[in-house]
Amino acid sequence: MSAQDHTLTIAGKTYRSRLLVGSGKYASLEQTRDATEASGSEIITVAIRRVNIGQDPKAPSLLDFVPPSKYTILPNTAGCYNAEDAIYTLQMARELLNGHKLVKLEVLGDEKSLFPNMPETLKAAEVLVKDGFDVMVYCSDDPIQAKMLEDIGCCAVMPLASLIGSGMGILNPWNLSLIIDQAKVPIIVDAGVGTASDAAIAMELGCDGVLMNSAIALAKDPIRMARAMKNAIVAGRDAYLAGRMPRKFAASPSSPMAGRFV
């Protein structure tokens, strides 16, 4: 097995882990740090509107616990419901992070479902790419719109598995497979993962990575769940590369009768 089998390249930078994690919903910043370390992730996404990374110099900063010297900080637009707010938020993040270009775009449709508003997402993506950002983009599991985002120039497309924070797992593997088959950029499942088997299934389908937050942060033991997710990503990737056996509608004995001795 080569090292490339398990590395993930986004916007020209290569990462050893294919697991991306969030920074919200933890009991403390110390727990955020410990869970991130246990996950093995090198990319941690940060909601600029909700988490202090320097906006308030008098408050504790997340960056003191997950420093940019060790992790790639991925600012996101959680809480934005139109293109204009999302664009402004990421421009502010670029300023706070000294010209940082890699960002996660998400434009939500409503507060109940947190489903992506795709017309506004496409509009924001086009502006941000032209403005020099490397855009990773949260989207619906629609193969047509996923391809449109890739054609705009997004460096990674991130279809949901199910609703944000629902823990329902992958509800439509067929659409994900269609998106994966046509893509020339990394496809990273974002939203809906609930446990390690969900992460493994995403990787077995051929996804390039998985981003999760609630599944780890809201577990009874977040540190142990972070380790489980780390192992699930590796196992799922290995299973995908190995190639599963064909599905059959009839039994096939593990010990064939042909060539038996008695």
# chains A, B, ... in the order shown; residues from 1 in each chain; ligands from 1

call {"tool": "residues_around", "arguments": {"residues": "Ser166 in chain A", "least_positions_apart": "6", "cutoff": "8 Å", "atoms": "only C-alpha atoms", "output": "PDB file with N, CA and C atoms, in the first residue's frame"}}
result
ATOM      1  N   ALA A 191     -21.915  16.531   6.597  1.00  0.00           N
ATOM      2  CA  ALA A 191     -23.208  16.607   7.299  1.00  0.00           C
ATOM      3  C   ALA A 191     -23.934  15.271   7.331  1.00  0.00           C
ATOM      4  N   GLY A 192     -24.434  14.937   8.521  1.00  0.00           N
ATOM      5  CA  GLY A 192     -25.314  13.783   8.691  1.00  0.00           C
ATOM      6  C   GLY A 192     -24.669  12.537   9.235  1.00  0.00           C
ATOM      7  N   VAL A 193     -23.337  12.485   9.284  1.00  0.00           N
ATOM      8  CA  VAL A 193     -22.673  11.304   9.833  1.00  0.00           C
ATOM      9  C   VAL A 193     -22.988  11.194  11.324  1.00  0.00           C
ATOM     10  N   GLY A 194     -23.328   9.976  11.769  1.00  0.00           N
ATOM     11  CA  GLY A 194     -23.696   9.779  13.160  1.00  0.00           C
ATOM     12  C   GLY A 194     -22.751   8.895  13.940  1.00  0.00           C
TER      13      GLY A 194
END

call {"tool": "closest_atom_pairs", "arguments": {"of": "range 25-78 of chain A", "to": "range 213-232 of chain A", "cutoff": "12 Å", "atoms": "only C-alpha atoms", "output": "CSV"}}
result
residue,atom,partner,partner_atom,distance
A:Lys25,CA,A:Ala217,CA,5.8
A:Tyr26,CA,A:Ala217,CA,5.1
A:Ala27,CA,A:Ala217,CA,8.0
A:Ser28,CA,A:Ala217,CA,10.2
A:Leu29,CA,A:Ala217,CA,11.3
A:Glu30,CA,A:Ile223,CA,11.2
A:Gln31,CA,A:Ile223,CA,7.9
A:Thr32,CA,A:Ala217,CA,7.9
A:Arg33,CA,A:Ile223,CA,9.7
A:Asp34,CA,A:Ile223,CA,6.7
A:Ala35,CA,A:Ile223,CA,4.7
A:Thr36,CA,A:Ala226,CA,7.3
A:Glu37,CA,A:Ala226,CA,8.5
A:Ala38,CA,A:Arg227,CA,5.4
A:Ser39,CA,A:Ala226,CA,4.5
A:Gly40,CA,A:Lys230,CA,6.4
A:Ser41,CA,A:Lys230,CA,7.9
A:Glu42,CA,A:Lys230,CA,11.5
A:Ile43,CA,A:Asn213,CA,11.9
A:Ile44,CA,A:Asn213,CA,9.5
A:Thr45,CA,A:Asn213,CA,8.9
A:Val46,CA,A:Asn213,CA,10.4
A:Ala47,CA,A:Asn213,CA,11.5

call {"tool": "residues_around", "arguments": {"residues": "Asp131 in chain A", "least_positions_apart": "2", "cutoff": "12 Å", "atoms": "only C-alpha atoms", "output": "list in words"}}
result
Ile87, Tyr88, Leu90, Gln91, Arg94, Gly99, Lys101, Leu102, Ala124, Ala125, Glu126, Val127, Leu128, Val129, Phe133, Asp134, Val135 and Gly153 of chain A

call {"tool": "write_last_selection", "arguments": {"atoms": "all heavy atoms", "output": "tab-separated table (two decimals), in the first residue's frame"}}
result
chain	number	residue	atom	x	y	z
A	87	ILE	N	-20.12	35.77	1.40
A	87	ILE	CA	-18.93	36.39	0.79
A	87	ILE	C	-18.25	37.31	1.79
A	87	ILE	O	-17.02	37.26	1.98
A	87	ILE	CB	-19.33	37.16	-0.48
A	87	ILE	CG1	-19.80	36.17	-1.57
A	87	ILE	CG2	-18.17	38.01	-0.99
A	87	ILE	CD1	-20.55	36.83	-2.71
A	88	TYR	N	-19.03	38.14	2.46
A	88	TYR	CA	-18.47	39.07	3.45
A	88	TYR	C	-17.79	38.31	4.58
A	88	TYR	O	-16.69	38.69	5.04
A	88	TYR	CB	-19.57	39.97	4.01
A	88	TYR	CG	-19.12	40.83	5.16
A	88	TYR	CD1	-18.37	41.99	4.94
A	88	TYR	CD2	-19.41	40.48	6.48
A	88	TYR	CE1	-17.93	42.77	5.99
A	88	TYR	CE2	-18.98	41.26	7.54
A	88	TYR	CZ	-18.24	42.39	7.29
A	88	TYR	OH	-17.80	43.16	8.35
A	90	LEU	N	-16.35	35.37	4.61
A	90	LEU	CA	-15.08	34.76	4.22
A	90	LEU	C	-14.03	35.82	3.91
A	90	LEU	O	-12.82	35.58	4.11
A	90	LEU	CB	-15.29	33.81	3.04
A	90	LEU	CG	-16.11	32.56	3.41
A	90	LEU	CD1	-16.33	31.68	2.19
A	90	LEU	CD2	-15.45	31.77	4.53
A	91	GLN	N	-14.44	36.96	3.44
A	91	GLN	CA	-13.48	38.05	3.27
A	91	GLN	C	-12.93	38.50	4.62
A	91	GLN	O	-11.74	38.80	4.76
A	91	GLN	CB	-14.14	39.21	2.53
A	91	GLN	CG	-14.39	38.92	1.05
A	91	GLN	CD	-15.24	39.97	0.35
A	91	GLN	OE1	-15.97	40.73	1.00
A	91	GLN	NE2	-15.13	40.04	-0.96
A	94	ARG	N	-10.44	35.89	5.79
A	94	ARG	CA	-9.15	36.05	5.11
A	94	ARG	C	-8.30	37.12	5.79
A	94	ARG	O	-7.09	36.96	5.95
A	94	ARG	CB	-9.38	36.39	3.63
A	94	ARG	CG	-8.11	36.58	2.82
A	94	ARG	CD	-8.38	36.63	1.33
A	94	ARG	NE	-9.29	37.72	0.98
A	94	ARG	CZ	-9.75	37.91	-0.27
A	94	ARG	NH1	-9.40	37.08	-1.24
A	94	ARG	NH2	-10.57	38.91	-0.53
A	99	GLY	N	-4.55	36.53	5.10
A	99	GLY	CA	-4.57	36.19	3.68
A	99	GLY	C	-4.90	34.75	3.36
A	99	GLY	O	-4.76	34.30	2.22
A	101	LYS	N	-6.49	31.48	2.15
A	101	LYS	CA	-7.34	31.34	0.94
A	101	LYS	C	-8.31	30.17	1.00
A	101	LYS	O	-9.35	30.18	0.34
A	101	LYS	CB	-6.45	31.16	-0.29
A	101	LYS	CG	-5.65	32.39	-0.68
A	101	LYS	CD	-4.64	32.05	-1.77
A	101	LYS	CE	-5.31	31.46	-3.00
A	101	LYS	NZ	-4.33	31.13	-4.06
A	102	LEU	N	-7.99	29.10	1.76
A	102	LEU	CA	-8.83	27.91	1.77
A	102	LEU	C	-10.02	28.12	2.69
A	102	LEU	O	-9.86	28.37	3.89
A	102	LEU	CB	-8.03	26.70	2.22
A	102	LEU	CG	-8.76	25.35	2.17
A	102	LEU	CD1	-9.07	24.96	0.72
A	102	LEU	CD2	-7.93	24.26	2.85
A	124	ALA	N	-22.47	32.67	-4.72
A	124	ALA	CA	-21.34	32.99	-3.84
A	124	ALA	C	-20.06	32.30	-4.31
A	124	ALA	O	-18.98	32.90	-4.28
A	124	ALA	CB	-21.67	32.58	-2.41
A	125	ALA	N	-20.18	31.06	-4.74
A	125	ALA	CA	-19.01	30.31	-5.19
A	125	ALA	C	-18.33	31.01	-6.36
A	125	ALA	O	-17.09	31.14	-6.40
A	125	ALA	CB	-19.40	28.89	-5.58
A	126	GLU	N	-19.11	31.49	-7.29
A	126	GLU	CA	-18.54	32.16	-8.46
A	126	GLU	C	-17.78	33.43	-8.07
A	126	GLU	O	-16.66	33.67	-8.54
A	126	GLU	CB	-19.66	32.50	-9.45
A	126	GLU	CG	-19.16	32.97	-10.79
A	126	GLU	CD	-20.21	32.93	-11.88
A	126	GLU	OE1	-21.38	32.65	-11.55
A	126	GLU	OE2	-19.86	33.18	-13.04
A	127	VAL	N	-18.34	34.20	-7.16
A	127	VAL	CA	-17.69	35.44	-6.71
A	127	VAL	C	-16.40	35.11	-5.96
A	127	VAL	O	-15.35	35.73	-6.18
A	127	VAL	CB	-18.64	36.27	-5.83
A	127	VAL	CG1	-17.89	37.44	-5.18
A	127	VAL	CG2	-19.82	36.78	-6.64
A	128	LEU	N	-16.45	34.13	-5.06
A	128	LEU	CA	-15.30	33.81	-4.22
A	128	LEU	C	-14.15	33.23	-5.03
A	128	LEU	O	-12.98	33.56	-4.80
A	128	LEU	CB	-15.73	32.83	-3.12
A	128	LEU	CG	-16.63	33.44	-2.04
A	128	LEU	CD1	-17.28	32.34	-1.22
A	128	LEU	CD2	-15.85	34.39	-1.13
A	129	VAL	N	-14.45	32.36	-5.99
A	129	VAL	CA	-13.40	31.80	-6.85
A	129	VAL	C	-12.72	32.91	-7.64
A	129	VAL	O	-11.49	32.97	-7.73
A	129	VAL	CB	-13.97	30.71	-7.78
A	129	VAL	CG1	-12.95	30.33	-8.85
A	129	VAL	CG2	-14.37	29.47	-6.98
A	133	PHE	N	-10.18	32.89	-3.79
A	133	PHE	CA	-10.33	31.90	-2.72
A	133	PHE	C	-10.25	30.47	-3.29
A	133	PHE	O	-10.64	30.22	-4.43
A	133	PHE	CB	-11.68	32.06	-2.02
A	133	PHE	CG	-11.78	33.24	-1.10
A	133	PHE	CD1	-12.24	34.46	-1.55
A	133	PHE	CD2	-11.39	33.12	0.23
A	133	PHE	CE1	-12.34	35.54	-0.69
A	133	PHE	CE2	-11.49	34.19	1.10
A	133	PHE	CZ	-11.96	35.41	0.63
A	134	ASP	N	-9.76	29.55	-2.47
A	134	ASP	CA	-9.87	28.11	-2.74
A	134	ASP	C	-11.12	27.64	-2.00
A	134	ASP	O	-11.12	27.57	-0.76
A	134	ASP	CB	-8.64	27.36	-2.25
A	134	ASP	CG	-7.39	27.74	-3.02
A	134	ASP	OD1	-7.49	27.94	-4.24
A	134	ASP	OD2	-6.30	27.84	-2.41
A	135	VAL	N	-12.17	27.34	-2.75
A	135	VAL	CA	-13.49	27.14	-2.16
A	135	VAL	C	-13.85	25.66	-2.07
A	135	VAL	O	-13.96	24.98	-3.09
A	135	VAL	CB	-14.57	27.90	-2.98
A	135	VAL	CG1	-15.95	27.69	-2.35
A	135	VAL	CG2	-14.24	29.38	-3.06
A	153	GLY	N	-15.08	26.21	-10.44
A	153	GLY	CA	-13.69	26.22	-9.98
A	153	GLY	C	-13.50	25.89	-8.52
A	153	GLY	O	-12.41	26.10	-7.97

call {"tool": "select_by_dssp", "arguments": {"residues": "range 93-180 of chain A", "states": "strand (DSSP E or B)", "output": "PyMOL selection string"}}
result
chain A and resi 102-105+108+116+134-139+156-159

call {"tool": "write_last_selection", "arguments": {"atoms": "all heavy atoms", "output": "compact mmCIF listing (two decimals), in the first residue's frame"}}
result
# COMPACT_ATOMS: atom_id res chain seq x y z
N LEU A 102 -7.99 29.10 1.76
CA LEU A 102 -8.83 27.91 1.77
C LEU A 102 -10.02 28.12 2.69
O LEU A 102 -9.86 28.37 3.89
CB LEU A 102 -8.03 26.70 2.22
CG LEU A 102 -8.76 25.35 2.17
CD1 LEU A 102 -9.07 24.96 0.72
CD2 LEU A 102 -7.93 24.26 2.85
N VAL A 103 -11.23 28.00 2.15
CA VAL A 103 -12.44 28.28 2.92
C VAL A 103 -13.51 27.24 2.62
O VAL A 103 -13.47 26.56 1.59
CB VAL A 103 -12.99 29.69 2.61
CG1 VAL A 103 -12.00 30.77 3.03
CG2 VAL A 103 -13.33 29.83 1.12
N LYS A 104 -14.47 27.17 3.53
CA LYS A 104 -15.64 26.32 3.31
C LYS A 104 -16.88 27.21 3.18
O LYS A 104 -17.23 27.95 4.09
CB LYS A 104 -15.84 25.33 4.45
CG LYS A 104 -17.05 24.43 4.24
CD LYS A 104 -17.42 23.67 5.49
CE LYS A 104 -18.78 23.01 5.30
NZ LYS A 104 -19.33 22.49 6.57
N LEU A 105 -17.51 27.11 2.03
CA LEU A 105 -18.72 27.88 1.75
C LEU A 105 -19.95 27.05 2.05
O LEU A 105 -20.07 25.92 1.57
CB LEU A 105 -18.73 28.31 0.28
CG LEU A 105 -20.02 28.92 -0.26
CD1 LEU A 105 -20.31 30.25 0.43
CD2 LEU A 105 -19.94 29.09 -1.78
N LEU A 108 -27.20 28.48 3.70
CA LEU A 108 -28.32 27.66 4.14
C LEU A 108 -29.65 28.22 3.65
O LEU A 108 -29.79 29.42 3.41
CB LEU A 108 -28.32 27.57 5.67
CG LEU A 108 -27.00 27.08 6.27
CD1 LEU A 108 -27.07 27.11 7.78
CD2 LEU A 108 -26.66 25.69 5.77
N PRO A 116 -28.91 23.21 2.08
CA PRO A 116 -28.24 24.27 1.33
C PRO A 116 -29.18 24.99 0.36
O PRO A 116 -30.01 24.37 -0.30
CB PRO A 116 -27.13 23.53 0.57
CG PRO A 116 -27.57 22.11 0.53
CD PRO A 116 -28.35 21.88 1.77
N ASP A 134 -9.76 29.55 -2.47
CA ASP A 134 -9.87 28.11 -2.74
C ASP A 134 -11.12 27.64 -2.00
O ASP A 134 -11.12 27.57 -0.76
CB ASP A 134 -8.64 27.36 -2.25
CG ASP A 134 -7.39 27.74 -3.02
OD1 ASP A 134 -7.49 27.94 -4.24
OD2 ASP A 134 -6.30 27.84 -2.41
N VAL A 135 -12.17 27.34 -2.75
CA VAL A 135 -13.49 27.14 -2.16
C VAL A 135 -13.85 25.66 -2.07
O VAL A 135 -13.96 24.98 -3.09
CB VAL A 135 -14.57 27.90 -2.98
CG1 VAL A 135 -15.95 27.69 -2.35
CG2 VAL A 135 -14.24 29.38 -3.06
N MET A 136 -14.04 25.21 -0.85
CA MET A 136 -14.66 23.93 -0.59
C MET A 136 -16.12 24.22 -0.29
O MET A 136 -16.43 25.11 0.51
CB MET A 136 -13.99 23.23 0.60
CG MET A 136 -12.50 23.02 0.40
SD MET A 136 -11.64 22.40 1.87
CE MET A 136 -12.39 20.77 2.03
N VAL A 137 -17.05 23.50 -0.92
CA VAL A 137 -18.43 23.96 -0.89
C VAL A 137 -19.42 22.87 -0.46
O VAL A 137 -19.46 21.78 -1.04
CB VAL A 137 -18.83 24.56 -2.26
CG1 VAL A 137 -18.62 23.57 -3.40
CG2 VAL A 137 -20.26 25.09 -2.25
N TYR A 138 -20.20 23.19 0.57
CA TYR A 138 -21.29 22.34 1.05
C TYR A 138 -22.46 22.46 0.08
O TYR A 138 -22.84 23.57 -0.32
CB TYR A 138 -21.70 22.81 2.44
CG TYR A 138 -23.00 22.26 2.99
CD1 TYR A 138 -23.16 20.91 3.26
CD2 TYR A 138 -24.07 23.12 3.24
CE1 TYR A 138 -24.34 20.41 3.79
CE2 TYR A 138 -25.26 22.64 3.77
CZ TYR A 138 -25.40 21.29 4.03
OH TYR A 138 -26.58 20.81 4.55
N CYS A 139 -23.04 21.32 -0.30
CA CYS A 139 -24.11 21.36 -1.29
C CYS A 139 -25.06 20.19 -1.11
O CYS A 139 -24.82 19.27 -0.33
CB CYS A 139 -23.52 21.33 -2.71
SG CYS A 139 -22.58 19.83 -3.10
N ALA A 156 -13.08 21.58 -3.92
CA ALA A 156 -13.67 20.36 -3.36
C ALA A 156 -15.17 20.56 -3.26
O ALA A 156 -15.64 21.66 -2.94
CB ALA A 156 -13.09 20.04 -1.98
N VAL A 157 -15.91 19.52 -3.56
CA VAL A 157 -17.38 19.55 -3.50
C VAL A 157 -17.80 18.66 -2.34
O VAL A 157 -17.32 17.53 -2.20
CB VAL A 157 -18.00 19.09 -4.83
CG1 VAL A 157 -19.51 19.00 -4.72
CG2 VAL A 157 -17.59 20.04 -5.96
N MET A 158 -18.74 19.19 -1.50
CA MET A 158 -19.05 18.53 -0.23
C MET A 158 -20.55 18.27 -0.09
O MET A 158 -21.26 19.00 0.61
CB MET A 158 -18.54 19.40 0.91
CG MET A 158 -17.07 19.79 0.74
SD MET A 158 -16.46 20.94 1.99
CE MET A 158 -16.31 19.83 3.39
N PRO A 159 -21.06 17.23 -0.76
CA PRO A 159 -22.48 16.92 -0.65
C PRO A 159 -22.85 16.39 0.72
O PRO A 159 -22.06 15.69 1.37
CB PRO A 159 -22.69 15.86 -1.74
CG PRO A 159 -21.35 15.23 -1.90
CD PRO A 159 -20.34 16.30 -1.64

call {"tool": "atom_distance", "arguments": {"atom1": "CA of Glu120 in chain A", "atom2": "CA of Thr89 in chain A"}}
result
14.4 Å

call {"tool": "select_by_dssp", "arguments": {"residues": "range 38-260 of chain A", "states": "helix (DSSP H, G or I)", "output": "VMD selection string"}}
result
chain A and resid 38 to 39 62 to 64 83 to 96 118 to 130 143 to 152 173 to 182 196 to 205 214 to 217 222 to 242

call {"tool": "residues_around", "arguments": {"residues": "Gly54 in chain A", "least_positions_apart": "3", "cutoff": "12 Å", "atoms": "only C-alpha atoms", "output": "PyMOL selection string"}}
result
chain A and resi 48-51+57-64+92-93+95-98

call {"tool": "write_last_selection", "arguments": {"atoms": "N, CA and C atoms", "output": "mmCIF file, in the first residue's frame"}}
result
data_model
loop_
_atom_site.group_PDB
_atom_site.id
_atom_site.type_symbol
_atom_site.label_atom_id
_atom_site.label_comp_id
_atom_site.auth_asym_id
_atom_site.auth_seq_id
_atom_site.Cartn_x
_atom_site.Cartn_y
_atom_site.Cartn_z
ATOM 1 N N ILE A 48 -16.986 31.212 11.520
ATOM 2 C CA ILE A 48 -16.474 32.547 11.783
ATOM 3 C C ILE A 48 -17.473 33.396 12.567
ATOM 4 N N ARG A 49 -18.765 33.156 12.357
ATOM 5 C CA ARG A 49 -19.782 33.955 13.041
ATOM 6 C C ARG A 49 -20.000 33.534 14.493
ATOM 7 N N ARG A 50 -19.456 32.369 14.877
ATOM 8 C CA ARG A 50 -19.778 31.820 16.194
ATOM 9 C C ARG A 50 -18.569 31.540 17.073
ATOM 10 N N VAL A 51 -17.397 31.443 16.476
ATOM 11 C CA VAL A 51 -16.202 31.042 17.219
ATOM 12 C C VAL A 51 -15.165 32.154 17.144
ATOM 13 N N PRO A 57 -10.364 40.188 21.153
ATOM 14 C CA PRO A 57 -9.061 39.954 21.793
ATOM 15 C C PRO A 57 -9.148 39.690 23.289
ATOM 16 N N LYS A 58 -10.298 39.969 23.899
ATOM 17 C CA LYS A 58 -10.451 39.775 25.341
ATOM 18 C C LYS A 58 -10.977 38.379 25.695
ATOM 19 N N ALA A 59 -11.430 37.628 24.684
ATOM 20 C CA ALA A 59 -12.000 36.297 24.926
ATOM 21 C C ALA A 59 -11.014 35.214 24.509
ATOM 22 N N PRO A 60 -11.130 34.004 25.079
ATOM 23 C CA PRO A 60 -10.264 32.904 24.657
ATOM 24 C C PRO A 60 -10.411 32.637 23.163
ATOM 25 N N SER A 61 -9.312 32.384 22.501
ATOM 26 C CA SER A 61 -9.321 32.113 21.062
ATOM 27 C C SER A 61 -9.145 30.624 20.799
ATOM 28 N N LEU A 62 -9.936 30.113 19.876
ATOM 29 C CA LEU A 62 -9.795 28.715 19.471
ATOM 30 C C LEU A 62 -8.375 28.434 18.995
ATOM 31 N N LEU A 63 -7.743 29.415 18.379
ATOM 32 C CA LEU A 63 -6.418 29.208 17.796
ATOM 33 C C LEU A 63 -5.340 28.963 18.844
ATOM 34 N N ASP A 64 -5.647 29.275 20.112
ATOM 35 C CA ASP A 64 -4.705 28.949 21.186
ATOM 36 C C ASP A 64 -4.719 27.459 21.501
ATOM 37 N N MET A 92 -13.809 38.518 5.634
ATOM 38 C CA MET A 92 -13.375 38.850 6.983
ATOM 39 C C MET A 92 -12.419 37.779 7.517
ATOM 40 N N ALA A 93 -12.732 36.511 7.237
ATOM 41 C CA ALA A 93 -11.865 35.422 7.681
ATOM 42 C C ALA A 93 -10.482 35.537 7.048
ATOM 43 N N GLU A 95 -8.951 38.189 6.210
ATOM 44 C CA GLU A 95 -8.235 39.261 6.905
ATOM 45 C C GLU A 95 -7.753 38.806 8.277
ATOM 46 N N LEU A 96 -8.612 38.091 9.015
ATOM 47 C CA LEU A 96 -8.242 37.619 10.345
ATOM 48 C C LEU A 96 -7.103 36.610 10.302
ATOM 49 N N LEU A 97 -7.051 35.838 9.225
ATOM 50 C CA LEU A 97 -6.077 34.758 9.114
ATOM 51 C C LEU A 97 -4.931 35.102 8.161
ATOM 52 N N ASN A 98 -4.682 36.387 8.000
ATOM 53 C CA ASN A 98 -3.507 36.860 7.252
ATOM 54 C C ASN A 98 -3.443 36.353 5.815
#

call {"tool": "closest_residue", "arguments": {"among": "A:Ala251, A:Leu149, A:Cys155, A:Ala199", "to": "Gly12 in chain A", "atoms": "only C-alpha atoms"}}
result
A:Cys155

call {"tool": "atom_distance", "arguments": {"atom1": "CA of Met212 in chain A", "atom2": "CA of His6 in chain A"}}
result
18.0 Å

call {"tool": "closest_residue", "arguments": {"among": "A:Asp110, A:Asp190, A:Asp238, A:Asp56", "to": "Asp141 in chain A", "atoms": "only C-alpha atoms"}}
result
A:Asp190

call {"tool": "closest_residue", "arguments": {"among": "A:Ile233, A:Ala146, A:Asn52, A:Leu19", "to": "Pro75 in chain A", "atoms": "only C-alpha atoms"}}
result
A:Asn52

call {"tool": "residues_around", "arguments": {"residues": "Val107 in chain A", "least_positions_apart": "3", "cutoff": "9 Å", "atoms": "only C-alpha atoms", "output": "count of residues only"}}
result
19

call {"tool": "closest_residue", "arguments": {"among": "A:Val21, A:Val66, A:Met168, A:Leu163", "to": "Ser197 in chain A", "atoms": "only C-alpha atoms"}}
result
A:Met168

call {"tool": "closest_residue", "arguments": {"among": "A:Val210, A:Leu205, A:Gly24, A:Ser252", "to": "Trp174 in chain A", "atoms": "only C-alpha atoms"}}
result
A:Leu205

call {"tool": "atom_distance", "arguments": {"atom1": "CA of Arg244 in chain A", "atom2": "CA of Lys184 in chain A"}}
result
23.1 Å
